[in-house]
Every structure is written in C-alpha cells, then in structure tokens.
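Data file: start14.tsv. Format and content: TSV, C-alpha atoms.
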chain	number	residue	atom	x	y	z
A	261	MET	CA	-9.65	-11.71	20.60
A	262	MET	CA	-7.00	-14.39	20.53
A	263	PRO	CA	-8.56	-17.72	19.56
A	264	GLU	CA	-6.40	-20.73	18.96
A	265	GLU	CA	-7.32	-21.64	15.42
A	266	GLU	CA	-6.51	-25.08	14.19
A	267	GLY	CA	-6.39	-25.03	10.42
A	268	LYS	CA	-4.24	-26.19	7.59
A	269	ASN	CA	-1.24	-24.83	9.44
A	270	GLY	CA	-1.65	-26.34	12.87
A	271	LYS	CA	-2.26	-24.45	16.11
A	272	ILE	CA	-1.81	-20.77	15.50
A	273	GLU	CA	-2.95	-17.52	17.02
A	274	VAL	CA	-4.86	-15.24	14.70
A	275	PHE	CA	-5.30	-11.56	15.48
A	276	PRO	CA	-8.04	-10.01	13.36
A	277	PHE	CA	-7.56	-6.31	12.76
A	278	ILE	CA	-10.52	-5.69	10.45
A	279	GLU	CA	-13.35	-8.21	10.25
A	280	GLY	CA	-15.17	-9.15	7.06
A	281	GLU	CA	-17.69	-11.79	6.01
A	282	THR	CA	-15.70	-14.46	4.19
A	283	ILE	CA	-12.34	-13.13	5.26
A	284	ASP	CA	-10.69	-11.07	8.00
A	285	LEU	CA	-7.70	-8.81	7.63
A	286	VAL	CA	-5.27	-9.94	10.27
A	287	ALA	CA	-1.84	-9.03	11.57
A	288	HIS	CA	1.08	-10.95	10.15
A	289	ASN	CA	2.40	-13.95	12.03
A	290	SER	CA	5.94	-15.23	11.53
A	291	LYS	CA	4.57	-18.78	11.50
A	292	TRP	CA	3.25	-17.97	8.06
A	293	ALA	CA	6.67	-17.13	6.65
A	294	GLU	CA	6.89	-20.42	4.72
A	295	LEU	CA	3.44	-19.88	3.22
A	296	LYS	CA	4.27	-16.36	2.15
A	297	CYS	CA	7.51	-17.63	0.67
A	298	LYS	CA	5.54	-20.20	-1.32
A	299	TRP	CA	3.17	-17.52	-2.66
A	300	LYS	CA	6.01	-15.18	-3.59
A	301	ASN	CA	7.76	-17.85	-5.63
A	302	ASP	CA	4.76	-19.73	-7.05
A	303	PRO	CA	4.94	-19.18	-10.85
A	304	LYS	CA	1.16	-18.94	-11.21
A	305	VAL	CA	0.89	-16.34	-8.45
A	306	ARG	CA	4.00	-14.27	-9.14
A	307	HIS	CA	2.99	-13.99	-12.76
A	308	TYR	CA	0.28	-11.52	-11.74
A	309	SER	CA	1.80	-10.10	-8.57
A	310	ARG	CA	4.86	-9.20	-10.61
A	311	ASN	CA	7.60	-10.77	-8.58
A	312	GLU	CA	10.59	-11.31	-10.86
A	313	TRP	CA	13.05	-12.31	-8.15
A	314	PRO	CA	13.36	-15.61	-6.31
A	315	ARG	CA	12.72	-15.08	-2.61
A	316	THR	CA	14.47	-17.18	0.00
A	317	LEU	CA	12.85	-18.01	3.30
A	318	ASP	CA	15.35	-15.63	4.93
A	319	ASP	CA	14.26	-12.81	2.61
A	320	VAL	CA	10.67	-13.38	3.61
A	321	LYS	CA	11.43	-13.84	7.33
A	322	LYS	CA	13.08	-10.40	7.39
A	323	LYS	CA	9.75	-8.85	6.50
A	324	PHE	CA	8.21	-10.36	9.62
A	325	GLU	CA	10.75	-8.69	11.89
A	326	THR	CA	9.26	-6.15	14.25
A	327	VAL	CA	9.15	-2.64	12.91
A	328	PRO	CA	11.04	-0.22	15.16
A	329	ASP	CA	8.42	1.84	16.87
A	330	LYS	CA	7.98	4.64	14.43
A	331	HIS	CA	5.21	7.14	14.98
A	332	ILE	CA	4.16	6.77	11.38
A	333	ARG	CA	4.47	4.14	8.63
A	334	ASP	CA	4.62	4.41	4.86
A	335	LYS	CA	3.20	0.92	4.34
A	336	VAL	CA	0.50	-1.23	5.93
A	337	ASP	CA	0.24	-4.93	5.09
A	338	PHE	CA	-2.51	-7.33	6.23
A	339	ILE	CA	-2.83	-11.08	5.80
A	340	ILE	CA	-6.14	-12.12	4.25
A	341	TYR	CA	-7.44	-14.89	6.49
A	342	HIS	CA	-10.25	-17.17	5.31
A	343	LYS	CA	-12.71	-17.51	8.20
A	344	HIS	CA	-14.43	-20.73	7.19
A	345	ASP	CA	-11.36	-22.62	6.01
A	346	LYS	CA	-9.27	-21.11	8.81
A	347	CYS	CA	-6.18	-20.37	6.75
A	348	PRO	CA	-4.25	-17.39	5.37
A	349	ILE	CA	-4.77	-17.09	1.62
A	350	GLY	CA	-3.06	-13.86	0.60
A	351	ASN	CA	-2.21	-10.34	1.61
A	352	ILE	CA	-3.48	-6.83	0.97
A	353	GLY	CA	-2.48	-3.36	2.04
A	354	LEU	CA	-1.47	0.20	1.33
A	355	SER	CA	1.99	1.23	0.21
A	356	ARG	CA	3.78	4.46	-0.67
A	357	ILE	CA	1.66	6.34	1.83
A	358	ASP	CA	2.32	10.05	1.37
A	359	TRP	CA	1.16	11.79	4.53
A	360	VAL	CA	1.39	15.34	3.22
A	361	SER	CA	-0.54	14.67	0.02
A	362	ARG	CA	-2.53	11.95	1.82
A	363	HIS	CA	-2.59	9.28	-0.83
A	364	ALA	CA	-1.49	5.66	-1.02
A	365	ASN	CA	-1.27	2.76	-3.42
A	366	ILE	CA	-3.47	-0.28	-2.74
A	367	PHE	CA	-2.02	-3.72	-3.50
A	368	ALA	CA	-3.49	-7.21	-3.12
A	369	MET	CA	-2.48	-10.78	-3.81
A	370	ILE	CA	-4.25	-14.11	-3.34
A	371	GLY	CA	-1.49	-16.68	-2.91
A	372	GLU	CA	-3.71	-19.76	-3.15
A	373	PRO	CA	-5.10	-20.01	-6.72
A	374	GLU	CA	-8.12	-22.05	-5.57
A	375	TYR	CA	-9.45	-18.83	-4.02
A	376	TRP	CA	-9.20	-16.79	-7.21
A	377	GLY	CA	-12.38	-15.60	-8.90
A	378	LYS	CA	-14.45	-15.73	-5.69
A	379	GLY	CA	-14.68	-12.01	-5.03
A	380	ILE	CA	-12.19	-12.16	-2.20
A	381	VAL	CA	-9.98	-9.29	-3.37
A	382	GLY	CA	-13.17	-7.28	-3.78
A	383	GLU	CA	-14.25	-7.94	-0.21
A	384	ALA	CA	-10.77	-7.38	1.23
A	385	ALA	CA	-10.28	-4.18	-0.77
A	386	GLN	CA	-13.59	-2.74	0.44
A	387	LEU	CA	-12.34	-3.20	4.00
A	388	VAL	CA	-9.00	-1.57	3.15
A	389	LEU	CA	-10.67	1.41	1.45
A	390	ARG	CA	-12.83	2.02	4.49
A	391	TYR	CA	-9.75	1.79	6.72
A	392	ALA	CA	-7.80	4.15	4.45
A	393	PHE	CA	-10.49	6.84	4.40
A	394	THR	CA	-12.01	6.62	7.86
A	395	GLU	CA	-9.05	5.56	9.98
A	396	LEU	CA	-5.96	6.87	8.21
A	397	ASN	CA	-7.74	10.00	6.99
A	398	LEU	CA	-6.36	9.61	3.46
A	399	HIS	CA	-7.56	11.82	0.65
A	400	LYS	CA	-7.06	9.35	-2.22
A	401	VAL	CA	-6.28	5.71	-2.88
A	402	LYS	CA	-4.59	4.65	-6.12
A	403	ALA	CA	-4.01	1.37	-7.91
A	404	GLY	CA	-2.04	0.18	-10.92
A	405	VAL	CA	-3.06	-2.87	-13.00
A	406	PHE	CA	-1.43	-4.16	-16.16
A	407	THR	CA	-3.56	-5.21	-19.11
A	408	PRO	CA	-3.29	-9.05	-18.98
A	409	ASN	CA	-4.52	-9.04	-15.37
A	410	LYS	CA	-8.20	-9.16	-16.27
A	411	ARG	CA	-9.38	-10.17	-12.80
A	412	SER	CA	-7.73	-7.18	-11.15
A	413	LEU	CA	-9.11	-4.83	-13.79
A	414	ARG	CA	-12.60	-6.12	-13.03
A	415	ALA	CA	-11.97	-5.83	-9.30
A	416	ALA	CA	-10.89	-2.21	-9.68
A	417	GLU	CA	-14.06	-1.45	-11.64
A	418	LYS	CA	-16.36	-3.19	-9.16
A	419	LEU	CA	-14.71	-1.29	-6.32
A	420	GLY	CA	-15.75	1.93	-7.99
A	421	LEU	CA	-12.23	3.14	-8.72
A	422	ASN	CA	-11.99	5.71	-11.52
A	423	LYS	CA	-9.78	4.97	-14.50
A	424	GLU	CA	-7.37	7.88	-14.53
A	425	ALA	CA	-4.68	7.08	-17.05
A	426	VAL	CA	-2.99	4.48	-19.16
A	427	THR	CA	0.78	4.52	-19.18
A	428	LYS	CA	1.88	2.84	-22.37
A	429	GLU	CA	4.33	-0.05	-22.39
A	430	ALA	CA	5.14	0.57	-18.77
A	431	ILE	CA	5.77	-2.99	-17.69
A	432	TYR	CA	7.82	-5.80	-19.19
A	433	PHE	CA	6.16	-9.12	-18.73
A	434	ASP	CA	6.59	-12.52	-20.39
A	435	GLY	CA	8.70	-11.14	-23.19
A	436	GLU	CA	6.36	-8.23	-23.98
A	437	TYR	CA	5.71	-4.68	-22.90
A	438	HIS	CA	2.23	-4.04	-21.49
A	439	ASP	CA	0.27	-0.95	-20.58
A	440	ILE	CA	-0.49	-0.10	-16.97
A	441	HIS	CA	-3.92	1.16	-16.10
A	442	LYS	CA	-3.90	3.74	-13.33
A	443	TRP	CA	-6.94	3.95	-11.12
A	444	GLY	CA	-7.80	6.36	-8.35
A	445	LEU	CA	-10.52	7.09	-5.85
A	446	THR	CA	-10.88	10.16	-3.67
A	447	LYS	CA	-12.49	10.06	-0.25
A	448	LYS	CA	-15.28	12.27	-1.55
A	449	ASP	CA	-16.13	9.85	-4.36
A	450	TRP	CA	-15.90	6.90	-2.00
A	451	LEU	CA	-18.34	8.54	0.43
A	452	GLU	CA	-20.73	9.24	-2.40
A	453	LYS	CA	-20.52	5.72	-3.82
A	454	ASN	CA	-21.14	4.27	-0.37
A	455	LYS	CA	-23.91	6.79	0.34
A	456	LEU	CA	-22.35	7.81	3.64
B	272	MET	CA	23.61	30.05	-0.28
B	273	THR	CA	24.91	33.12	1.55
B	274	GLU	CA	28.49	33.18	2.69
B	275	GLU	CA	29.17	35.00	5.94
B	276	LYS	CA	32.45	36.91	6.00
B	277	GLU	CA	33.22	38.70	9.27
B	278	ASN	CA	31.10	38.14	12.32
B	279	LYS	CA	30.68	36.59	15.74
B	280	GLU	CA	31.12	33.14	14.11
B	281	ASP	CA	33.66	31.81	11.65
B	282	LYS	CA	32.88	31.59	7.96
B	283	ILE	CA	29.61	29.81	7.78
B	284	GLU	CA	27.12	28.89	5.14
B	285	VAL	CA	23.54	29.72	5.91
B	286	PHE	CA	20.75	27.92	4.10
B	287	PRO	CA	17.47	29.83	4.24
B	288	PHE	CA	14.45	27.58	3.96
B	289	ILE	CA	11.73	30.22	4.40
B	290	GLU	CA	12.56	33.88	3.89
B	291	GLY	CA	11.15	36.69	5.98
B	292	GLU	CA	11.84	40.41	6.44
B	293	THR	CA	13.89	40.72	9.60
B	294	ILE	CA	14.63	37.02	9.91
B	295	ASP	CA	14.87	33.89	7.79
B	296	LEU	CA	14.01	30.37	8.92
B	297	VAL	CA	17.09	28.35	8.10
B	298	ALA	CA	18.28	24.77	8.35
B	299	GLY	CA	20.25	23.95	11.47
B	300	ASN	CA	24.04	23.97	11.32
B	301	SER	CA	26.18	21.92	13.67
B	302	LYS	CA	28.56	24.90	14.00
B	303	TRP	CA	25.85	26.49	16.10
B	304	VAL	CA	25.92	23.72	18.68
B	305	PRO	CA	27.71	25.82	21.33
B	306	LEU	CA	25.24	28.65	20.78
B	307	VAL	CA	22.21	26.40	21.08
B	308	CYS	CA	23.80	24.85	24.17
B	309	LYS	CA	24.17	28.32	25.65
B	310	TRP	CA	20.50	29.08	24.96
B	311	GLN	CA	19.34	25.80	26.47
B	312	ASN	CA	21.21	26.48	29.71
B	313	ASP	CA	20.83	30.27	29.98
B	314	PRO	CA	18.69	30.84	33.13
B	315	LYS	CA	16.85	33.80	31.62
B	316	VAL	CA	15.96	31.88	28.48
B	317	ARG	CA	15.22	28.47	29.97
B	318	HIS	CA	12.87	29.98	32.51
B	319	TYR	CA	10.40	30.64	29.69
B	320	ALA	CA	11.43	27.82	27.38
B	321	ARG	CA	10.87	25.46	30.34
B	322	ASN	CA	14.10	23.58	30.26
B	323	MET	CA	14.83	22.10	33.69
B	324	TRP	CA	17.82	19.97	32.72
B	325	PRO	CA	21.43	21.03	32.22
B	326	HIS	CA	22.43	20.26	28.65
B	327	THR	CA	25.95	19.30	27.63
B	328	ILE	CA	27.51	20.00	24.25
B	329	GLU	CA	27.19	16.27	23.57
B	330	ASP	CA	23.46	16.36	24.33
B	331	VAL	CA	22.96	19.22	21.88
B	332	LYS	CA	25.27	17.70	19.22
B	333	LYS	CA	22.94	14.72	19.00
B	334	TRP	CA	20.10	16.95	17.79
B	335	PHE	CA	22.15	18.02	14.81
B	336	GLU	CA	22.90	14.49	13.69
B	337	PRO	CA	21.20	13.54	10.42
B	338	SER	CA	17.98	11.72	11.09
B	339	PRO	CA	17.13	8.45	9.33
B	340	ASP	CA	13.58	9.60	8.68
B	341	ARG	CA	13.72	11.49	5.42
B	342	HIS	CA	10.04	12.24	5.14
B	343	THR	CA	7.22	12.40	7.63
B	344	LYS	CA	9.06	13.31	10.82
B	345	GLU	CA	7.45	13.81	14.17
B	346	PHE	CA	8.92	17.30	14.48
B	347	VAL	CA	10.57	19.93	12.30
B	348	VAL	CA	12.86	22.66	13.66
B	349	PHE	CA	14.28	25.81	12.10
B	350	THR	CA	16.93	28.17	13.34
B	351	ILE	CA	15.79	31.79	13.39
B	352	TYR	CA	18.49	33.74	11.58
B	353	HIS	CA	18.68	37.52	11.89
B	354	LYS	CA	19.33	38.89	8.40
B	355	ARG	CA	20.88	42.26	9.18
B	356	ASP	CA	22.92	41.14	12.17
B	357	LYS	CA	23.79	37.91	10.41
B	358	ARG	CA	23.44	35.59	13.35
B	359	PRO	CA	21.19	32.80	14.66
B	360	ILE	CA	19.04	34.07	17.51
B	361	GLY	CA	16.61	31.28	18.31
B	362	SER	CA	14.56	28.30	17.16
B	363	VAL	CA	11.04	27.71	15.97
B	364	GLY	CA	9.22	24.64	14.75
B	365	PHE	CA	6.49	22.02	14.99
B	366	GLY	CA	6.53	19.10	17.41
B	367	ARG	CA	4.20	16.19	18.16
B	368	ILE	CA	3.15	16.13	14.51
B	369	ASN	CA	0.21	13.79	14.11
B	370	TRP	CA	-0.07	12.95	10.42
B	371	VAL	CA	-3.38	11.14	10.62
B	372	SER	CA	-5.15	13.85	12.58
B	373	ARG	CA	-3.06	16.51	10.83
B	374	ASN	CA	-2.20	18.63	13.82
B	375	ALA	CA	1.00	19.76	15.54
B	376	ASN	CA	2.32	21.84	18.42
B	377	ILE	CA	4.10	25.07	17.53
B	378	PHE	CA	7.06	26.13	19.67
B	379	ALA	CA	9.45	29.07	19.54
B	380	SER	CA	12.33	30.35	21.59
B	381	ILE	CA	14.59	33.38	21.19
B	382	GLY	CA	17.91	32.46	22.76
B	383	GLU	CA	19.36	35.97	22.75
B	384	PRO	CA	17.36	38.17	25.17
B	385	GLU	CA	18.36	41.38	23.35
B	386	TYR	CA	15.99	40.28	20.58
B	387	TRP	CA	12.98	39.84	22.86
B	388	GLY	CA	10.03	42.19	22.46
B	389	LYS	CA	10.84	43.05	18.84
B	390	GLY	CA	8.08	41.07	17.15
B	391	ILE	CA	10.46	38.37	15.99
B	392	VAL	CA	8.44	35.43	17.31
B	393	VAL	CA	5.38	36.85	15.57
B	394	GLU	CA	7.25	37.18	12.28
B	395	ALA	CA	8.77	33.70	12.58
B	396	GLY	CA	5.41	32.30	13.69
B	397	LYS	CA	3.64	33.75	10.65
B	398	LEU	CA	6.15	32.14	8.29
B	399	LEU	CA	5.98	28.83	10.10
B	400	ILE	CA	2.18	28.78	10.23
B	401	LYS	CA	1.95	29.39	6.50
B	402	TYR	CA	4.39	26.53	5.97
B	403	GLY	CA	2.36	24.27	8.25
B	404	PHE	CA	-0.94	24.88	6.45
B	405	THR	CA	0.14	25.23	2.83
B	406	GLU	CA	3.13	22.88	2.66
B	407	LEU	CA	2.58	20.27	5.37
B	408	ASN	CA	-1.18	20.24	4.91
B	409	PHE	CA	-2.04	20.58	8.61
B	410	HIS	CA	-5.63	20.89	9.75
B	411	LYS	CA	-4.87	22.45	13.15
B	412	ILE	CA	-1.90	24.05	14.89
B	413	TYR	CA	-1.92	24.34	18.66
B	414	ALA	CA	0.22	25.96	21.33
B	415	GLY	CA	0.55	26.01	25.11
B	416	VAL	CA	1.67	29.07	27.08
B	417	PHE	CA	1.93	29.39	30.85
B	418	THR	CA	0.53	32.53	32.49
B	419	PRO	CA	3.70	34.44	33.45
B	420	ASN	CA	4.90	34.30	29.83
B	421	LYS	CA	3.10	37.51	28.83
B	422	ARG	CA	5.09	38.00	25.63
B	423	SER	CA	4.10	34.57	24.29
B	424	LEU	CA	0.47	35.16	25.25
B	425	GLN	CA	0.59	38.36	23.21
B	426	ALA	CA	2.28	36.59	20.31
B	427	ALA	CA	-0.39	33.87	20.25
B	428	ASP	CA	-3.05	36.55	20.11
B	429	LYS	CA	-1.33	38.46	17.30
B	430	LEU	CA	-0.89	35.26	15.31
B	431	GLY	CA	-4.63	34.68	15.32
B	432	PHE	CA	-4.76	31.79	17.76
B	433	GLU	CA	-7.96	31.30	19.72
B	434	LYS	CA	-7.94	30.31	23.35
B	435	GLU	CA	-9.16	26.73	23.54
B	436	ALA	CA	-8.75	25.85	27.18
B	437	VAL	CA	-7.00	26.66	30.40
B	438	LEU	CA	-5.32	23.77	32.18
B	439	LYS	CA	-5.22	24.68	35.85
B	440	GLU	CA	-1.98	24.43	37.77
B	441	GLU	CA	-0.47	22.49	34.92
B	442	MET	CA	3.07	23.73	35.07
B	443	TYR	CA	5.43	23.93	38.04
B	444	VAL	CA	7.79	26.86	37.57
B	445	ASP	CA	10.10	28.35	40.19
B	446	GLY	CA	8.23	26.95	43.15
B	447	VAL	CA	4.73	27.81	41.95
B	448	TYR	CA	2.05	25.98	39.94
B	449	HIS	CA	0.86	27.96	36.94
B	450	ASP	CA	-2.03	27.59	34.52
B	451	VAL	CA	-1.31	26.67	30.91
B	452	HIS	CA	-3.34	28.41	28.24
B	453	LYS	CA	-4.06	26.21	25.21
B	454	PHE	CA	-4.45	27.94	21.90
B	455	ALA	CA	-5.55	26.59	18.56
B	456	LEU	CA	-5.60	27.78	14.97
B	457	PHE	CA	-7.53	26.00	12.22
B	458	LYS	CA	-6.50	26.07	8.58
B	459	ARG	CA	-9.93	27.32	7.52
B	460	ASP	CA	-9.73	30.27	9.93
B	461	TRP	CA	-6.18	31.06	8.89
B	462	ILE	CA	-7.22	31.11	5.21
B	463	LYS	CA	-10.11	33.43	6.03
B	464	SER	CA	-8.01	35.86	8.00
B	465	ASN	CA	-5.38	35.90	5.26
B	466	GLN	CA	-8.01	36.74	2.68
B	467	ASN	CA	-9.22	39.55	4.89
B	468	GLU	CA	-5.75	40.97	5.12
B	469	SER	CA	-5.15	41.03	1.36

Represent the structure of the file as structure tokens.
Amino acid sequence: MMPEEEGKNGKIEVFPFIEGETIDLVAHNSKWAELKCKWKNDPKVRHYSRNEWPRTLDDVKKKFETVPDKHIRDKVDFIIYHKHDKCPIGNIGLSRIDWVSRHANIFAMIGEPEYWGKGIVGEAAQLVLRYAFTELNLHKVKAGVFTPNKRSLRAAEKLGLNKEAVTKEAIYFDGEYHDIHKWGLTKKDWLEKNKL
Amino acid sequence: MTEEKENKEDKIEVFPFIEGETIDLVAGNSKWVPLVCKWQNDPKVRHYARNMWPHTIEDVKKWFEPSPDRHTKEFVVFTIYHKRDKRPIGSVGFGRINWVSRNANIFASIGEPEYWGKGIVVEAGKLLIKYGFTELNFHKIYAGVFTPNKRSLQAADKLGFEKEAVLKEEMYVDGVYHDVHKFALFKRDWIKSNQNES
C-alpha cells in the first residue's frame, strides 16, 4: 500500500501501519521532519506536550534516522495521518516498554491545534491500545496526565483507563507545581470493556 | 563475592547469580576465555554441542565484551561454576528470546567431560528454568536434542519437558543425518509440577 498522496506537504509516500476511520497510524517519514520540528517548538502545542527545550531541525532529524536492527524496541512511535485532509497532524505511541513486566506508557500529541477537540486522540489511542494488547502482548498500558490538561484527562476517561494514583506537585509548569494523574489499563479490563 | 585462593586459575572473583547445591550459575568472566575456547574446540565436547567451526581466542573474547543492550537481550548466558572444585565447567542459558511471544530456547554444555553424567545439567537446568519462568516471565521454554545425545534426552525428560515434535534428518553430524527431538515446557505445567513436588 504505497499511494502517492498529494496534500499540504506535496508529493509524499504514506505507509499506513494501522488503519482507522478519520486517521491512520503511519510510519514516520523524514520529509515530515520540519513539521515535527514545528510541533515540538510551537508554544501552544508544547505547553501541553511538556517540551521545555527548543528543538533544532537537526535534533528532530536525528529521530528519523534508521534504528539499528534490534530484535526488540523499548519505544514505538506512529505519525497520526488525517485521511481526508491528507496530512500528518501529530504523533502517538508507546514508550518505556518493559518486556519482562509487560507494560508501557502511552503518549499522544496533536501538533496542529485546529484538530484539537475532535476526538482524534481518542480514535488514535483506541488503535494503539488494540495494538499494545493484541500484537505486542502487553499486560498493561499506563498514562500520565497533569491537571491543567483537561482534554487529555477526558480522553483517558473515555478510553476506559482506570485512575490509579495522583502524584502531588510532580510537574513544574508555567511557574507552578501541578499534580500528575496516573492512569492504567490491564489487558483483562480492556478485553472486558471491549466485550471481546 | 567469593575470592578464590589456590586453584587451577589465578586469583579470581566469582559472582554467583543463581545459587545451587553442587553448582552456581555465575556471570561470565573474561579470565575464562581460554577455558571457554578450549571447550568450544574440544572434539569430544563440540560433537554434542554442535560446533563445526574452529574458534580463536579472539572469537571467544568478543563474547565477553560488554553488550550495549542493558535490558531485554536476545540471549542470556551463565557459566556453570562447580562449588566444591571451585572451577567453571560449562555454560547454560537462553537464546532466541522472543519477548512478544515470551518463549526462548534453552541450551547447556558441560565443557569438562569428567563432569558428564553427574546430573549437573539437570541441576543447572532446574535453576535456569525457574529463572526463566519467575524472573523473565516466559510463557514457554523449548529445547532441541539430536538422537545420539542420549544424556541430553534424559535430562530433558527429567526436567519435565514434553516431546513436541521430531524433525526428521534435521542435523548432519559426522557424516550422518539425525533426527532432532523438540521439547517444550509451559509455565503453567512447570508451576503444577512444582506444587506437586512440595
């Protein structure tokens, strides 16, 4: 499946890895390095994605370098690609994958603010949860959200994650300390919630 | 941890990782490179361990170099250390570790033939299997043994492995094709048999 998509970024090859309705989760493409760099630095976006450091294009380009062929990874990162508008709008994935204890942290970011509040993280995260439990054979997926990030808190709830803990004053943000809400979901609970 | 005073090797520090009765499973030590090289090349030993290639000291040295992968490796190897005789006598470990499917191949080799037939592989195997299921969270451990290797076939049996398959004429050894017997042990069965024992 290698269509030549002409979108906001000119001719580009898009390789869907997991297909959704509004969006697909696709492999990274180094042609999107500038876009990703924009998202990482954009004050509106980095405010919630918690990026305190300026990222140069070189910093970002490094991340697109091919991973040496390891038999196992501790992080998986997808680009969220909008099917109708034919453009990448953010990224989502699993990090800190612990293969012995079989858990991972889920992270997500929509880099284009016009796509906020449209249920996109919800849709993308559903796809990632399914991938985590049925393809990677993980036992549990976890997430951390800090209090001012109301949209992410709602997303976590809608996804059926269980609130597990609140770590007080765990993150320094805009001159204040905020609590972090820790969420978790085991495979068993996910199967039940999805009636599988 | 334990300092060795007088013996076949110079002063050496041995770091037990899993302790047994007759043997401990210890971390490798680059001072044992010549020994391991001897085992790899020894015709009696390599016949069963299936090593067809001459190994140089340099080849073996590479295995003892620190690996960049701190966690989640594809294999894990221990040196079998004889407690009373205070010397390394072989290796045991897991290879082809598949972390998604949670299975791995178990391998063992006693490099000093005087220690064959003394139940050492069974003792080392028991320790390693417990480690595989309760520390590495494996679902299944498997092994392959070719027919002439009667001792290993016996060991697989004693360790509770079940015969899964026979691959016909799978291994060419000393001019003849031999069958390979595939064995498997599931965590759930291992737990059950452990409960029965205690």

Interface rows for chain A against chain B: nearest pair, Å to one decimal, 9 Å, only C-alpha atoms, as CSV:
residue,atom,partner,partner_atom,distance
A:His331,CA,B:Glu345,CA,7.1
A:Ile332,CA,B:Thr343,CA,7.4
A:Arg333,CA,B:Thr343,CA,8.8
A:Asp334,CA,B:Thr343,CA,8.8
A:Asp358,CA,B:Thr343,CA,8.3
A:Trp359,CA,B:Trp370,CA,6.1
A:Val360,CA,B:Leu407,CA,5.5
A:Ser361,CA,B:Asn408,CA,7.4
A:Arg362,CA,B:Val371,CA,8.9
A:Glu395,CA,B:Val371,CA,8.0
A:Leu396,CA,B:Val371,CA,5.5
A:Asn397,CA,B:Val371,CA,5.8
A:Leu398,CA,B:Val371,CA,7.9

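With all atoms listed in the file as the atoms that count, the minimum distance from Val305 of chain A to the choices A:Gly350, A:Gly371, A:Gly280, A:Gly420 is reached by A:Gly371.
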
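Closest approach to Lys447 of chain A among A:Thr427, A:Thr394, A:Ser309, A:Asn422 is made by A:Thr394 (distances from all atoms listed in the file).
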
With all atoms listed in the file as the counted atoms, please give the residues lying no more than 9 Å from Gly361 of chain B, apart from itself and same-chain residues fewer than 2 positions off, as a ChimeraX atom specification. /B:307,310,349-352,359,363,379-383

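Of the listed residues (B:His410, B:Lys463, B:Lys354, B:Lys389), B:Lys354 comes nearest to Asp295 of chain B; the distances count all atoms listed in the file.
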
Let me make sure I understand: among A:Lys323, A:Thr282, A:Asn311, A:Asn289, which one has the smallest atom-to-atom distance to Asp434 of chain A if we use only C-alpha atoms? A:Asn311

Residues within 9 Å of Arg356 of chain A, please, as an MDAnalysis selection string. Count all atoms listed in the file; anything in the same chain fewer than 2 positions from it doesn't count. chainID A and resid 334:335 354 358 363:366

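Counting from atom CA of Leu456 of chain B, the distance to atom CA of Gly431 of chain B is 7.0 Å.
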
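What separates atom CA of Val392 of chain B from atom CA of Ser423 of chain B is a distance of 8.3 Å.
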
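Among the candidates B:Val444, B:Ile400, B:Ile294, B:Ile462, the one nearest to Asn374 of chain B when counting all atoms listed in the file is B:Ile400.
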
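Taking atom CA of Tyr443 of chain B as the reference point, atom CA of Arg422 of chain B is found at 18.8 Å.
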
Need the shell around Glu383 of chain A: protein/DNA/RNA residues with any atom at most 9 Å away, counting only C-alpha atoms. Skip same-chain ones fewer than 4 positions apart. Format as JSON, numbers by chain? {"A": [280, 281, 282, 283, 379, 387, 388]}

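Proximity ranking of B:Val285, B:Leu296, B:Met323, B:Val316 relative to Met442 of chain B places B:Met323 first, based on all atoms listed in the file.
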
Name all residues at most 9 Å from Glu336 of chain B (count only C-alpha atoms; drop same-chain ones fewer than 3 positions away) and give them as a PyMOL selection string. chain B and resi 301+332-333

With a distance cut-off of 12 Å and all atoms listed in the file, select the neighbouring residues of Val381 of chain A, excluding the residue or stretch itself and same-chain residues fewer than 6 positions from it, and output the selection as an NGL selection string. :A and (280 or 282-285 or 339-342 or 349-353 or 366-371 or 375 or 387-389 or 411-416 or 418-419)
